[in-house]
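Single-structure report; data block below.
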Amino acid sequence: MRKKFIGLTLGALLFALCFSAEAQQAKKIHRIGYLALGLGIQPREEAFRQSLRELGYVDGQNIVIEWRFAKGKADLLPELATELVRLNVDVIVASATQAILAAKQATTTIPIVFPTAGDPVAYGLVTSLARPGGNITGLTILALELGGKRLELLKEAFPRIARVAVLYDPQLRQSLKETQTAAQFLGLKVQALEVRVATDVESAFSAMRRELADSLITLPPPIIGVHQKRILELSAKGRLPAMHSSKAWVDAGGLMSYGPDVFDNDRRAAIFVDKILKGAKPGDLPVEQPTKFEFVINLKTAKQIGLTISPNVLARADKIIK
């Protein structure tokens, strides 16, 4: 009887210990750092958070997201990245090239995931797309012939354009080079205009008026996107046919966009985070290239600025905002 009692007691004790260990594991709250150049939680950040929910992570329950936004001031990013490292977060999601570089400088051990990056190999973020190595991986918006496709659609929509002003982030010169090459093929002249700070936007539009630019292309963020509101106001005021790099611009009132579905990239970034939290090493996770592209037209904006887009071009759009 005594042996039976001891056996039952031991069994109960082992069960209690296992249950306690499982309970502690279940209660573990992962801490995710989110570092961005932008102004705050926008639709892209929400897409990332929603994807985490679908994977079973709920902010405030089994994860805590430490949001850090530089509000367009790139010089604040190193300090914000250091804050996240001091908090000993489990993973850092770095949105925008400057944010990725700041996170890279701040830590060589905490995993870093980027939802979008222009050319991660050229920036020295990863060794290669297939084998990133180190503590950084994620998704690139790098895709061949994007510049040519944007110009082609813009020219098709507005056949009379001859001089295209291109607003670009000086950190992403490769995108500008691709656009210039495509412009030569299409017989278009390019007026390249750098945008680093807010005052550059005003001076760029002044230069466009002087040089009689008759259309506009904005190349991918990070810096360009921070000044989105003012760029859209000035392009509408000048009644310029404009092509942008992502749907977010058209949602905000821009005329047209063609590019990778960046919201899809943000959703897929959550999958990287999930794999890392479950034990995967970032250096073993290949950098993914865009798989979804979209052509979006805002007919409401076209009507407001007095532009007409042909039915043939409208038929090619993936989405039309009326």
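For the structure tokens, the naming scheme is as follows: chains receive sequential letters (A, B, ...) according to their order of presentation, residues are indexed from 1 within each chain, and ligands are indexed from 1 in presentation order.
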Quick one: DSSP strand (DSSP E) residues in range 106-301 of chain A, as number ranges by chain?
A: 112-114, 136-138, 163-168, 189-194, 215-218, 242-244, 256-260, 293-298
Run DSSP on the backbone and give me the residues of range 43-193 of chain A it puts in alpha helix (DSSP H), as a PyMOL selection string.
chain A and resi 43-54+77-86+97-106+146-157+173-186
For the residues in the current selection, export C-alpha atoms as a JSON list (two decimals), in the first residue's frame.
[["chain", "number", "residue", "atom", "x", "y", "z"],
["A", 43, "PRO", "CA", -1.77, 50.81, -42.82],
["A", 44, "ARG", "CA", 1.50, 48.97, -43.51],
["A", 45, "GLU", "CA", 2.26, 48.55, -39.81],
["A", 46, "GLU", "CA", -1.31, 47.43, -39.29],
["A", 47, "ALA", "CA", -0.91, 44.83, -42.07],
["A", 48, "PHE", "CA", 2.12, 43.45, -40.21],
["A", 49, "ARG", "CA", 0.22, 43.36, -36.92],
["A", 50, "GLN", "CA", -2.82, 41.70, -38.52],
["A", 51, "SER", "CA", -0.60, 39.01, -40.05],
["A", 52, "LEU", "CA", 0.87, 38.35, -36.61],
["A", 53, "ARG", "CA", -2.68, 37.91, -35.26],
["A", 54, "GLU", "CA", -3.41, 35.35, -37.96],
["A", 77, "LEU", "CA", 17.13, 56.05, -35.81],
["A", 78, "PRO", "CA", 20.46, 54.98, -34.20],
["A", 79, "GLU", "CA", 19.24, 56.12, -30.77],
["A", 80, "LEU", "CA", 15.89, 54.37, -31.23],
["A", 81, "ALA", "CA", 17.65, 51.19, -32.36],
["A", 82, "THR", "CA", 19.86, 51.29, -29.27],
["A", 83, "GLU", "CA", 16.73, 51.61, -27.10],
["A", 84, "LEU", "CA", 15.33, 48.40, -28.58],
["A", 85, "VAL", "CA", 18.63, 46.59, -27.97],
["A", 86, "ARG", "CA", 18.61, 47.75, -24.33],
["A", 97, "THR", "CA", 16.83, 51.29, -45.39],
["A", 98, "GLN", "CA", 18.05, 53.78, -42.79],
["A", 99, "ALA", "CA", 16.22, 51.86, -40.07],
["A", 100, "ILE", "CA", 17.80, 48.59, -41.17],
["A", 101, "LEU", "CA", 21.28, 50.15, -41.17],
["A", 102, "ALA", "CA", 20.68, 51.66, -37.72],
["A", 103, "ALA", "CA", 19.54, 48.30, -36.35],
["A", 104, "LYS", "CA", 22.52, 46.58, -37.97],
["A", 105, "GLN", "CA", 24.90, 49.00, -36.23],
["A", 106, "ALA", "CA", 23.13, 48.55, -32.91],
["A", 146, "LEU", "CA", 10.14, 48.21, -62.65],
["A", 147, "GLY", "CA", 11.34, 51.62, -63.83],
["A", 148, "GLY", "CA", 10.60, 50.71, -67.42],
["A", 149, "LYS", "CA", 7.16, 49.39, -66.62],
["A", 150, "ARG", "CA", 6.19, 52.55, -64.71],
["A", 151, "LEU", "CA", 7.31, 54.78, -67.57],
["A", 152, "GLU", "CA", 5.62, 52.57, -70.13],
["A", 153, "LEU", "CA", 2.27, 52.80, -68.32],
["A", 154, "LEU", "CA", 2.64, 56.55, -67.79],
["A", 155, "LYS", "CA", 3.43, 57.09, -71.48],
["A", 156, "GLU", "CA", 0.54, 54.87, -72.55],
["A", 157, "ALA", "CA", -1.87, 56.77, -70.31],
["A", 173, "ARG", "CA", 20.30, 55.46, -57.08],
["A", 174, "GLN", "CA", 19.90, 52.10, -58.83],
["A", 175, "SER", "CA", 16.17, 52.77, -59.24],
["A", 176, "LEU", "CA", 16.97, 56.13, -60.84],
["A", 177, "LYS", "CA", 19.46, 54.51, -63.24],
["A", 178, "GLU", "CA", 16.87, 51.94, -64.35],
["A", 179, "THR", "CA", 14.33, 54.71, -64.93],
["A", 180, "GLN", "CA", 16.79, 56.81, -66.96],
["A", 181, "THR", "CA", 17.64, 53.82, -69.17],
["A", 182, "ALA", "CA", 13.96, 53.12, -69.79],
["A", 183, "ALA", "CA", 13.30, 56.80, -70.56],
["A", 184, "GLN", "CA", 15.92, 56.78, -73.33],
["A", 185, "PHE", "CA", 14.22, 53.80, -74.95],
["A", 186, "LEU", "CA", 10.83, 55.55, -74.80]]
Which residues of range 189-223 of chain A sit at most 10 Å from range 253-264 of chain A, using only C-alpha atoms? Give each one's shortest atom pair and distance in Å (one decimal place), in chain and ascending residue order, as a Markdown table.
| residue | atom | partner | partner_atom | distance |
| --- | --- | --- | --- | --- |
| A:Ile217 | CA | A:Ser257 | CA | 9.2 |
| A:Thr218 | CA | A:Ser257 | CA | 9.3 |
| A:Leu219 | CA | A:Gly259 | CA | 9.9 |
| A:Pro220 | CA | A:Gly259 | CA | 9.0 |
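Counting only C-alpha atoms, the residue from A:Ala242, A:Ala207, A:Val93, A:Leu35 that sits nearest to Leu76 in chain A is A:Leu35.
Counting from CA of Val195 in chain A, the distance to CA of Phe69 in chain A is 19.9 Å.
The environment of His30 in chain A within 12 Å, counting only C-alpha atoms and disregarding residues fewer than 6 places along the same chain, consists of Tyr57, Val58, Asp59, Gly60, Gln61, Asn62, Ile63, Val64, Ile65, Glu66, Leu87, Asn88, Val89, Asp90, Val91, Ile92, Val273, Asp274, Ile276, Leu277 and Lys278 of chain A.
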